[in-house]
file coords20.csv (CSV, N, CA and C atoms)
chain,number,residue,atom,x,y,z
A,12,MET,N,-144.7,-6.6,-46.7
A,12,MET,CA,-143.8,-6.7,-45.7
A,12,MET,C,-143.8,-5.3,-45.0
A,13,LYS,N,-144.0,-5.4,-43.7
A,13,LYS,CA,-144.1,-4.1,-42.9
A,13,LYS,C,-142.7,-3.8,-42.4
A,14,LEU,N,-142.3,-2.5,-42.6
A,14,LEU,CA,-141.0,-2.0,-42.2
A,14,LEU,C,-141.1,-1.6,-40.7
A,15,THR,N,-140.4,-2.4,-39.9
A,15,THR,CA,-140.4,-2.1,-38.5
A,15,THR,C,-139.0,-1.6,-38.1
A,16,ALA,N,-138.9,-1.2,-36.9
A,16,ALA,CA,-137.6,-0.7,-36.4
A,16,ALA,C,-136.6,-1.8,-36.3
A,17,GLU,N,-137.1,-3.0,-36.0
A,17,GLU,CA,-136.2,-4.2,-35.9
A,17,GLU,C,-135.6,-4.5,-37.3
A,18,THR,N,-136.4,-4.5,-38.3
A,18,THR,CA,-135.9,-4.9,-39.7
A,18,THR,C,-135.0,-3.7,-40.2
A,19,THR,N,-135.3,-2.5,-39.9
A,19,THR,CA,-134.5,-1.4,-40.3
A,19,THR,C,-133.1,-1.5,-39.6
A,20,LEU,N,-133.1,-1.8,-38.4
A,20,LEU,CA,-131.8,-1.9,-37.7
A,20,LEU,C,-131.0,-3.1,-38.2
A,21,LYS,N,-131.7,-4.2,-38.5
A,21,LYS,CA,-131.0,-5.3,-39.1
A,21,LYS,C,-130.4,-4.9,-40.5
A,22,GLY,N,-131.1,-4.2,-41.3
A,22,GLY,CA,-130.6,-3.8,-42.6
A,22,GLY,C,-129.4,-2.9,-42.4
A,23,ILE,N,-129.5,-1.9,-41.5
A,23,ILE,CA,-128.4,-1.0,-41.2
A,23,ILE,C,-127.1,-1.8,-40.8
A,24,ALA,N,-127.3,-2.8,-39.9
A,24,ALA,CA,-126.2,-3.6,-39.4
A,24,ALA,C,-125.6,-4.4,-40.5
A,25,ILE,N,-126.4,-5.0,-41.4
A,25,ILE,CA,-125.8,-5.7,-42.5
A,25,ILE,C,-125.1,-4.8,-43.5
A,26,ALA,N,-125.6,-3.7,-43.8
A,26,ALA,CA,-124.9,-2.7,-44.6
A,26,ALA,C,-123.6,-2.2,-44.0
A,27,MET,N,-123.6,-2.0,-42.7
A,27,MET,CA,-122.3,-1.6,-42.1
A,27,MET,C,-121.3,-2.7,-42.1
A,28,GLY,N,-121.8,-3.9,-41.9
A,28,GLY,CA,-120.8,-5.1,-41.9
A,28,GLY,C,-120.3,-5.3,-43.3
A,29,ALA,N,-121.1,-5.1,-44.4
A,29,ALA,CA,-120.6,-5.2,-45.7
A,29,ALA,C,-119.7,-4.1,-46.1
A,30,GLY,N,-119.9,-2.9,-45.6
A,30,GLY,CA,-119.0,-1.8,-45.8
A,30,GLY,C,-117.7,-2.0,-45.2
A,31,ALA,N,-117.7,-2.5,-43.9
A,31,ALA,CA,-116.5,-2.8,-43.2
A,31,ALA,C,-115.7,-3.9,-43.9
A,32,ALA,N,-116.3,-4.9,-44.4
A,32,ALA,CA,-115.6,-6.0,-45.1
A,32,ALA,C,-115.0,-5.5,-46.4
A,33,LEU,N,-115.7,-4.6,-47.1
A,33,LEU,CA,-115.2,-4.0,-48.3
A,33,LEU,C,-114.0,-3.2,-48.0
A,34,MET,N,-114.0,-2.4,-47.0
A,34,MET,CA,-112.8,-1.5,-46.6
A,34,MET,C,-111.6,-2.4,-46.2
A,35,ILE,N,-111.9,-3.5,-45.5
A,35,ILE,CA,-110.8,-4.4,-45.1
A,35,ILE,C,-110.2,-5.0,-46.4
A,36,ALA,N,-111.0,-5.4,-47.3
A,36,ALA,CA,-110.5,-6.1,-48.5
A,36,ALA,C,-109.7,-5.1,-49.3
A,37,ILE,N,-110.1,-3.8,-49.4
A,37,ILE,CA,-109.4,-2.8,-50.1
A,37,ILE,C,-108.0,-2.5,-49.5
A,38,GLU,N,-108.0,-2.5,-48.1
A,38,GLU,CA,-106.8,-2.2,-47.4
A,38,GLU,C,-105.8,-3.4,-47.6
A,39,PHE,N,-106.2,-4.6,-47.6
A,39,PHE,CA,-105.4,-5.8,-47.8
A,39,PHE,C,-104.8,-5.7,-49.2
A,40,GLN,N,-105.6,-5.4,-50.2
A,40,GLN,CA,-105.2,-5.3,-51.6
A,40,GLN,C,-104.1,-4.3,-51.7
A,41,THR,N,-104.3,-3.1,-51.2
A,41,THR,CA,-103.2,-2.1,-51.3
A,41,THR,C,-101.9,-2.5,-50.6
A,42,ALA,N,-102.1,-3.1,-49.4
A,42,ALA,CA,-100.9,-3.6,-48.7
A,42,ALA,C,-100.1,-4.6,-49.5
A,43,LEU,N,-100.8,-5.6,-50.2
A,43,LEU,CA,-100.2,-6.6,-51.0
A,43,LEU,C,-99.5,-6.0,-52.2
A,44,GLU,N,-100.2,-5.0,-52.8
A,44,GLU,CA,-99.5,-4.3,-54.0
A,44,GLU,C,-98.3,-3.6,-53.6
A,45,ALA,N,-98.3,-2.9,-52.4
A,45,ALA,CA,-97.1,-2.2,-51.9
A,45,ALA,C,-96.0,-3.2,-51.6
A,46,GLU,N,-96.3,-4.4,-51.1
A,46,GLU,CA,-95.3,-5.4,-50.8
A,46,GLU,C,-94.7,-5.9,-52.0
A,47,ARG,N,-95.5,-6.2,-53.1
A,47,ARG,CA,-95.0,-6.7,-54.3
A,47,ARG,C,-94.1,-5.7,-55.0
A,48,SER,N,-94.4,-4.4,-54.9
A,48,SER,CA,-93.6,-3.4,-55.6
A,48,SER,C,-92.3,-3.2,-55.0
A,49,GLU,N,-92.1,-3.6,-53.7
A,49,GLU,CA,-90.8,-3.4,-53.1
A,49,GLU,C,-89.8,-4.4,-53.6
A,50,GLY,N,-90.2,-5.5,-54.1
A,50,GLY,CA,-89.3,-6.5,-54.7
A,50,GLY,C,-88.8,-7.4,-53.6
A,51,PRO,N,-88.0,-8.4,-53.9
A,51,PRO,CA,-87.6,-9.4,-52.9
A,51,PRO,C,-86.6,-8.8,-52.0
A,52,ALA,N,-86.6,-9.3,-50.8
A,52,ALA,CA,-85.7,-8.8,-49.7
A,52,ALA,C,-84.3,-9.3,-50.0
A,53,ALA,N,-83.4,-8.5,-49.7
A,53,ALA,CA,-82.0,-8.9,-49.9
A,53,ALA,C,-81.6,-10.0,-48.8
A,54,VAL,N,-80.7,-10.8,-49.2
A,54,VAL,CA,-80.2,-11.9,-48.3
A,54,VAL,C,-79.3,-11.2,-47.3
A,55,THR,N,-79.6,-11.3,-46.0
A,55,THR,CA,-78.7,-10.6,-45.0
A,55,THR,C,-78.0,-11.7,-44.1
A,56,SER,N,-78.1,-12.9,-44.5
A,56,SER,CA,-77.5,-14.0,-43.8
A,56,SER,C,-76.0,-14.1,-44.1
A,57,ASP,N,-75.2,-14.6,-43.1
A,57,ASP,CA,-73.8,-14.8,-43.3
A,57,ASP,C,-73.5,-16.1,-43.9
A,58,ASP,N,-74.6,-16.9,-44.2
A,58,ASP,CA,-74.4,-18.2,-44.8
A,58,ASP,C,-74.1,-18.1,-46.3
A,59,PRO,N,-72.9,-18.5,-46.7
A,59,PRO,CA,-72.6,-18.4,-48.1
A,59,PRO,C,-73.5,-19.3,-49.0
A,60,LEU,N,-74.0,-20.4,-48.5
A,60,LEU,CA,-74.9,-21.2,-49.3
A,60,LEU,C,-76.1,-20.5,-49.7
A,61,ARG,N,-76.7,-19.7,-48.8
A,61,ARG,CA,-77.9,-18.9,-49.1
A,61,ARG,C,-77.6,-17.9,-50.2
A,62,ALA,N,-76.5,-17.3,-50.1
A,62,ALA,CA,-76.1,-16.3,-51.2
A,62,ALA,C,-76.0,-17.0,-52.5
A,63,THR,N,-75.4,-18.2,-52.5
A,63,THR,CA,-75.2,-18.9,-53.8
A,63,THR,C,-76.5,-19.3,-54.3
A,64,LEU,N,-77.4,-19.8,-53.5
A,64,LEU,CA,-78.7,-20.3,-53.9
A,64,LEU,C,-79.5,-19.1,-54.4
A,65,GLN,N,-79.4,-17.9,-53.8
A,65,GLN,CA,-80.1,-16.7,-54.3
A,65,GLN,C,-79.6,-16.4,-55.7
A,66,ARG,N,-78.3,-16.5,-56.0
A,66,ARG,CA,-77.8,-16.3,-57.3
A,66,ARG,C,-78.3,-17.3,-58.3
A,67,CYS,N,-78.3,-18.6,-57.9
A,67,CYS,CA,-78.8,-19.7,-58.7
A,67,CYS,C,-80.2,-19.6,-59.1
A,68,ARG,N,-81.1,-19.0,-58.3
A,68,ARG,CA,-82.5,-18.8,-58.6
A,68,ARG,C,-82.7,-17.9,-59.8
A,69,THR,N,-81.7,-17.1,-60.1
A,69,THR,CA,-81.9,-16.1,-61.2
A,69,THR,C,-81.4,-16.8,-62.6
A,70,LEU,N,-80.8,-17.9,-62.5
A,70,LEU,CA,-80.3,-18.6,-63.8
A,70,LEU,C,-81.5,-19.3,-64.5
A,71,THR,N,-81.3,-19.4,-65.8
A,71,THR,CA,-82.2,-20.2,-66.6
A,71,THR,C,-81.9,-21.7,-66.5
A,72,PRO,N,-82.9,-22.5,-66.8
A,72,PRO,CA,-82.6,-24.0,-66.7
A,72,PRO,C,-81.4,-24.4,-67.5
A,73,GLU,N,-81.1,-23.8,-68.7
A,73,GLU,CA,-80.0,-24.2,-69.5
A,73,GLU,C,-78.7,-23.8,-68.8
A,74,GLU,N,-78.7,-22.7,-68.1
A,74,GLU,CA,-77.5,-22.2,-67.4
A,74,GLU,C,-77.3,-23.1,-66.2
A,75,LEU,N,-78.3,-23.6,-65.5
A,75,LEU,CA,-78.2,-24.4,-64.4
A,75,LEU,C,-77.6,-25.8,-64.7
A,76,GLU,N,-77.9,-26.3,-65.9
A,76,GLU,CA,-77.3,-27.6,-66.3
A,76,GLU,C,-75.8,-27.6,-66.4
A,77,ILE,N,-75.2,-26.4,-66.7
A,77,ILE,CA,-73.8,-26.4,-66.8
A,77,ILE,C,-73.1,-25.7,-65.7
A,78,ASP,N,-73.8,-25.2,-64.7
A,78,ASP,CA,-73.2,-24.5,-63.6
A,78,ASP,C,-73.0,-25.5,-62.5
A,79,THR,N,-71.8,-26.0,-62.3
A,79,THR,CA,-71.5,-27.0,-61.3
A,79,THR,C,-71.6,-26.4,-59.9
A,80,THR,N,-71.3,-25.1,-59.7
A,80,THR,CA,-71.4,-24.5,-58.4
A,80,THR,C,-72.8,-24.5,-57.9
A,81,CYS,N,-73.8,-24.2,-58.8
A,81,CYS,CA,-75.2,-24.2,-58.4
A,81,CYS,C,-75.7,-25.7,-58.1
A,82,GLN,N,-75.2,-26.6,-58.9
A,82,GLN,CA,-75.6,-28.0,-58.7
A,82,GLN,C,-75.1,-28.5,-57.3
A,83,ALA,N,-73.9,-28.1,-57.0
A,83,ALA,CA,-73.4,-28.5,-55.7
A,83,ALA,C,-74.1,-27.8,-54.5
A,84,ALA,N,-74.5,-26.5,-54.8
A,84,ALA,CA,-75.2,-25.8,-53.7
A,84,ALA,C,-76.6,-26.4,-53.5
A,85,TRP,N,-77.3,-26.7,-54.6
A,85,TRP,CA,-78.6,-27.4,-54.4
A,85,TRP,C,-78.5,-28.7,-53.7
A,86,GLU,N,-77.4,-29.5,-54.0
A,86,GLU,CA,-77.2,-30.8,-53.4
A,86,GLU,C,-77.0,-30.6,-51.9
A,87,GLU,N,-76.2,-29.6,-51.5
A,87,GLU,CA,-75.9,-29.3,-50.1
A,87,GLU,C,-77.2,-28.8,-49.4
A,88,ASN,N,-78.0,-28.1,-50.1
A,88,ASN,CA,-79.2,-27.6,-49.5
A,88,ASN,C,-80.2,-28.8,-49.2
A,89,ARG,N,-80.2,-29.7,-50.2
A,89,ARG,CA,-81.1,-30.9,-50.0
A,89,ARG,C,-80.5,-31.7,-48.8
A,90,ARG,N,-79.2,-31.9,-48.8
A,90,ARG,CA,-78.6,-32.6,-47.7
A,90,ARG,C,-78.9,-32.0,-46.3
A,91,ARG,N,-78.8,-30.7,-46.2
A,91,ARG,CA,-79.2,-30.0,-45.0
A,91,ARG,C,-80.7,-30.2,-44.6
A,92,PHE,N,-81.5,-30.0,-45.7
A,92,PHE,CA,-83.0,-30.1,-45.4
A,92,PHE,C,-83.4,-31.5,-44.9
A,93,PHE,N,-82.9,-32.5,-45.5
A,93,PHE,CA,-83.3,-33.9,-45.1
A,93,PHE,C,-82.4,-34.4,-44.0
A,94,GLY,N,-81.4,-33.7,-43.5
A,94,GLY,CA,-80.6,-34.1,-42.4
A,94,GLY,C,-79.7,-35.3,-42.7
A,95,LEU,N,-79.3,-35.4,-43.9
A,95,LEU,CA,-78.4,-36.5,-44.3
A,95,LEU,C,-77.0,-36.2,-44.0
A,96,ALA,N,-76.2,-37.2,-43.8
A,96,ALA,CA,-74.8,-37.1,-43.6
A,96,ALA,C,-74.2,-36.8,-45.0
A,97,SER,N,-73.0,-36.1,-45.0
A,97,SER,CA,-72.4,-35.8,-46.3
A,97,SER,C,-71.9,-37.0,-47.0
A,98,ASN,N,-71.7,-38.1,-46.3
A,98,ASN,CA,-71.1,-39.3,-47.0
A,98,ASN,C,-72.2,-40.3,-47.4
A,99,ASP,N,-73.5,-40.0,-47.2
A,99,ASP,CA,-74.6,-40.8,-47.6
A,99,ASP,C,-74.7,-40.8,-49.2
A,100,SER,N,-75.1,-41.9,-49.7
A,100,SER,CA,-75.3,-42.0,-51.2
A,100,SER,C,-76.7,-41.9,-51.5
A,101,GLU,N,-77.1,-41.4,-52.6
A,101,GLU,CA,-78.5,-41.2,-53.0
A,101,GLU,C,-79.1,-42.5,-53.5
A,102,GLY,N,-78.3,-43.5,-53.9
A,102,GLY,CA,-78.7,-44.7,-54.6
A,102,GLY,C,-79.3,-45.8,-53.6
A,103,GLU,N,-79.2,-45.5,-52.3
A,103,GLU,CA,-79.7,-46.6,-51.4
A,103,GLU,C,-81.1,-46.8,-51.3
call {"tool": "encode", "arguments": {"input": "coords20.csv", "output": "structure tokens"}}
result
Amino acid sequence: MKLTAETTLKGIAIAMGAGAALMIAIEFQTALEAERSEGPAAVTSDDPLRATLQRCRTLTPEELEIDTTCQAAWEENRRRFFGLASNDSEGE
């Protein structure tokens, strides 16, 4: 194989592209690690349901079974999500 100017330039272009892709991957990785280390964002909404659901997410499954406040909050969240009226029954 004869080394010509064209093949040399192609090799240089491929190497530069691979280097750029590697630098981008490293930058994304460090950005993700920094975002993970910050922790979850605080709830800044005035919606009391969101605050309740945020608290309920920290409970264990056993605690959720006996916490009627969380059960009611999740039910209200489902009702809002599906756009159901509050007097609809689930058994229909």
call {"tool": "residues_around", "arguments": {"input": "coords20.csv", "residues": "Thr63 in chain A", "least_positions_apart": "2", "cutoff": "12 Å", "atoms": "only C-alpha atoms", "output": "CSV table (one decimal) with N, CA and C atoms, keeping the file's coordinate frame"}}
result
chain,number,residue,atom,x,y,z
A,54,VAL,N,-80.7,-10.8,-49.2
A,54,VAL,CA,-80.2,-11.9,-48.3
A,54,VAL,C,-79.3,-11.2,-47.3
A,56,SER,N,-78.1,-12.9,-44.5
A,56,SER,CA,-77.5,-14.0,-43.8
A,56,SER,C,-76.0,-14.1,-44.1
A,57,ASP,N,-75.2,-14.6,-43.1
A,57,ASP,CA,-73.8,-14.8,-43.3
A,57,ASP,C,-73.5,-16.1,-43.9
A,58,ASP,N,-74.6,-16.9,-44.2
A,58,ASP,CA,-74.4,-18.2,-44.8
A,58,ASP,C,-74.1,-18.1,-46.3
A,59,PRO,N,-72.9,-18.5,-46.7
A,59,PRO,CA,-72.6,-18.4,-48.1
A,59,PRO,C,-73.5,-19.3,-49.0
A,60,LEU,N,-74.0,-20.4,-48.5
A,60,LEU,CA,-74.9,-21.2,-49.3
A,60,LEU,C,-76.1,-20.5,-49.7
A,61,ARG,N,-76.7,-19.7,-48.8
A,61,ARG,CA,-77.9,-18.9,-49.1
A,61,ARG,C,-77.6,-17.9,-50.2
A,65,GLN,N,-79.4,-17.9,-53.8
A,65,GLN,CA,-80.1,-16.7,-54.3
A,65,GLN,C,-79.6,-16.4,-55.7
A,66,ARG,N,-78.3,-16.5,-56.0
A,66,ARG,CA,-77.8,-16.3,-57.3
A,66,ARG,C,-78.3,-17.3,-58.3
A,67,CYS,N,-78.3,-18.6,-57.9
A,67,CYS,CA,-78.8,-19.7,-58.7
A,67,CYS,C,-80.2,-19.6,-59.1
A,68,ARG,N,-81.1,-19.0,-58.3
A,68,ARG,CA,-82.5,-18.8,-58.6
A,68,ARG,C,-82.7,-17.9,-59.8
A,69,THR,N,-81.7,-17.1,-60.1
A,69,THR,CA,-81.9,-16.1,-61.2
A,69,THR,C,-81.4,-16.8,-62.6
A,70,LEU,N,-80.8,-17.9,-62.5
A,70,LEU,CA,-80.3,-18.6,-63.8
A,70,LEU,C,-81.5,-19.3,-64.5
A,78,ASP,N,-73.8,-25.2,-64.7
A,78,ASP,CA,-73.2,-24.5,-63.6
A,78,ASP,C,-73.0,-25.5,-62.5
A,79,THR,N,-71.8,-26.0,-62.3
A,79,THR,CA,-71.5,-27.0,-61.3
A,79,THR,C,-71.6,-26.4,-59.9
A,80,THR,N,-71.3,-25.1,-59.7
A,80,THR,CA,-71.4,-24.5,-58.4
A,80,THR,C,-72.8,-24.5,-57.9
A,81,CYS,N,-73.8,-24.2,-58.8
A,81,CYS,CA,-75.2,-24.2,-58.4
A,81,CYS,C,-75.7,-25.7,-58.1
A,82,GLN,N,-75.2,-26.6,-58.9
A,82,GLN,CA,-75.6,-28.0,-58.7
A,82,GLN,C,-75.1,-28.5,-57.3
A,83,ALA,N,-73.9,-28.1,-57.0
A,83,ALA,CA,-73.4,-28.5,-55.7
A,83,ALA,C,-74.1,-27.8,-54.5
A,84,ALA,N,-74.5,-26.5,-54.8
A,84,ALA,CA,-75.2,-25.8,-53.7
A,84,ALA,C,-76.6,-26.4,-53.5
A,85,TRP,N,-77.3,-26.7,-54.6
A,85,TRP,CA,-78.6,-27.4,-54.4
A,85,TRP,C,-78.5,-28.7,-53.7
A,87,GLU,N,-76.2,-29.6,-51.5
A,87,GLU,CA,-75.9,-29.3,-50.1
A,87,GLU,C,-77.2,-28.8,-49.4
A,88,ASN,N,-78.0,-28.1,-50.1
A,88,ASN,CA,-79.2,-27.6,-49.5
A,88,ASN,C,-80.2,-28.8,-49.2
call {"tool": "select_by_dssp", "arguments": {"input": "coords20.csv", "residues": "range 31-77 of chain A", "states": "alpha helix (DSSP H)", "output": "ChimeraX atom specification"}}
result
/A:31-49,59-67,72-77
call {"tool": "atom_distance", "arguments": {"input": "coords20.csv", "atom1": "CA of Glu49 in chain A", "atom2": "CA of Ile35 in chain A"}}
result
21.6 Å
call {"tool": "atom_distance", "arguments": {"input": "coords20.csv", "atom1": "atom N of Glu44 in chain A", "atom2": "atom N of Pro72 in chain A"}}
result
28.3 Å
call {"tool": "build_atoms", "arguments": {"input": "coords20.csv", "residues": "range 88-99 of chain A", "atoms": "all heavy atoms", "output": "short mmCIF file (atom, residue, chain, number, x, y, z; two decimals), in the coordinates of the input"}}
result
data_model
loop_
_atom_site.label_atom_id
_atom_site.label_comp_id
_atom_site.auth_asym_id
_atom_site.auth_seq_id
_atom_site.Cartn_x
_atom_site.Cartn_y
_atom_site.Cartn_z
N ASN A 88 -78.00 -28.10 -50.10
CA ASN A 88 -79.20 -27.60 -49.50
C ASN A 88 -80.20 -28.80 -49.20
O ASN A 88 -80.79 -28.84 -48.19
CB ASN A 88 -79.90 -26.58 -50.45
CG ASN A 88 -81.05 -25.90 -49.79
OD1 ASN A 88 -80.94 -25.42 -48.67
ND2 ASN A 88 -82.17 -25.85 -50.48
N ARG A 89 -80.20 -29.70 -50.20
CA ARG A 89 -81.10 -30.90 -50.00
C ARG A 89 -80.50 -31.70 -48.80
O ARG A 89 -81.29 -32.24 -48.00
CB ARG A 89 -81.10 -31.76 -51.27
CG ARG A 89 -82.05 -31.26 -52.32
CD ARG A 89 -82.21 -32.27 -53.46
NE ARG A 89 -81.00 -32.45 -54.23
CZ ARG A 89 -80.63 -31.67 -55.23
NH1 ARG A 89 -81.36 -30.67 -55.60
NH2 ARG A 89 -79.51 -31.92 -55.88
N ARG A 90 -79.20 -31.90 -48.80
CA ARG A 90 -78.60 -32.60 -47.70
C ARG A 90 -78.90 -32.00 -46.30
O ARG A 90 -79.32 -32.72 -45.39
CB ARG A 90 -77.07 -32.70 -47.85
CG ARG A 90 -76.39 -33.64 -46.87
CD ARG A 90 -74.88 -33.46 -46.86
NE ARG A 90 -74.46 -32.14 -46.43
CZ ARG A 90 -74.46 -31.74 -45.15
NH1 ARG A 90 -74.87 -32.54 -44.20
NH2 ARG A 90 -74.05 -30.52 -44.82
N ARG A 91 -78.80 -30.70 -46.20
CA ARG A 91 -79.20 -30.00 -45.00
C ARG A 91 -80.70 -30.20 -44.60
O ARG A 91 -81.03 -30.43 -43.49
CB ARG A 91 -78.86 -28.55 -45.06
CG ARG A 91 -77.40 -28.22 -44.99
CD ARG A 91 -77.24 -26.71 -44.97
NE ARG A 91 -75.86 -26.29 -45.02
CZ ARG A 91 -75.48 -25.03 -44.98
NH1 ARG A 91 -76.37 -24.06 -44.90
NH2 ARG A 91 -74.20 -24.72 -45.02
N PHE A 92 -81.50 -30.00 -45.70
CA PHE A 92 -83.00 -30.10 -45.40
C PHE A 92 -83.40 -31.50 -44.90
O PHE A 92 -84.17 -31.57 -43.97
CB PHE A 92 -83.72 -29.76 -46.72
CG PHE A 92 -85.20 -29.82 -46.58
CD1 PHE A 92 -85.89 -28.77 -46.01
CD2 PHE A 92 -85.91 -30.93 -47.00
CE1 PHE A 92 -87.25 -28.81 -45.86
CE2 PHE A 92 -87.28 -30.99 -46.86
CZ PHE A 92 -87.96 -29.93 -46.29
N PHE A 93 -82.90 -32.50 -45.50
CA PHE A 93 -83.30 -33.90 -45.10
C PHE A 93 -82.40 -34.40 -44.00
O PHE A 93 -82.69 -35.50 -43.49
CB PHE A 93 -83.18 -34.82 -46.33
CG PHE A 93 -84.24 -34.54 -47.37
CD1 PHE A 93 -83.90 -34.07 -48.61
CD2 PHE A 93 -85.58 -34.74 -47.09
CE1 PHE A 93 -84.86 -33.80 -49.56
CE2 PHE A 93 -86.56 -34.48 -48.02
CZ PHE A 93 -86.20 -34.01 -49.26
N GLY A 94 -81.40 -33.70 -43.50
CA GLY A 94 -80.60 -34.10 -42.40
C GLY A 94 -79.70 -35.30 -42.70
O GLY A 94 -79.49 -36.08 -41.82
N LEU A 95 -79.30 -35.40 -43.90
CA LEU A 95 -78.40 -36.50 -44.30
C LEU A 95 -77.00 -36.20 -44.00
O LEU A 95 -76.55 -35.04 -44.08
CB LEU A 95 -78.60 -36.78 -45.81
CG LEU A 95 -80.02 -37.09 -46.29
CD1 LEU A 95 -80.05 -37.17 -47.80
CD2 LEU A 95 -80.51 -38.37 -45.66
N ALA A 96 -76.20 -37.20 -43.80
CA ALA A 96 -74.80 -37.10 -43.60
C ALA A 96 -74.20 -36.80 -45.00
O ALA A 96 -74.68 -37.25 -45.98
CB ALA A 96 -74.18 -38.29 -42.94
N SER A 97 -73.00 -36.10 -45.00
CA SER A 97 -72.40 -35.80 -46.30
C SER A 97 -71.90 -37.00 -47.00
O SER A 97 -71.66 -36.94 -48.20
CB SER A 97 -71.34 -34.74 -46.06
OG SER A 97 -70.35 -35.26 -45.19
N ASN A 98 -71.70 -38.10 -46.30
CA ASN A 98 -71.10 -39.30 -47.00
C ASN A 98 -72.20 -40.30 -47.40
O ASN A 98 -71.89 -41.32 -47.92
CB ASN A 98 -70.08 -39.98 -46.10
CG ASN A 98 -70.68 -40.43 -44.76
OD1 ASN A 98 -71.85 -40.22 -44.49
ND2 ASN A 98 -69.86 -41.04 -43.93
N ASP A 99 -73.50 -40.00 -47.20
CA ASP A 99 -74.60 -40.80 -47.60
C ASP A 99 -74.70 -40.80 -49.20
O ASP A 99 -74.43 -39.78 -49.80
CB ASP A 99 -75.93 -40.38 -47.07
CG ASP A 99 -76.06 -40.74 -45.60
OD1 ASP A 99 -75.21 -41.49 -45.11
OD2 ASP A 99 -77.04 -40.27 -44.97
#
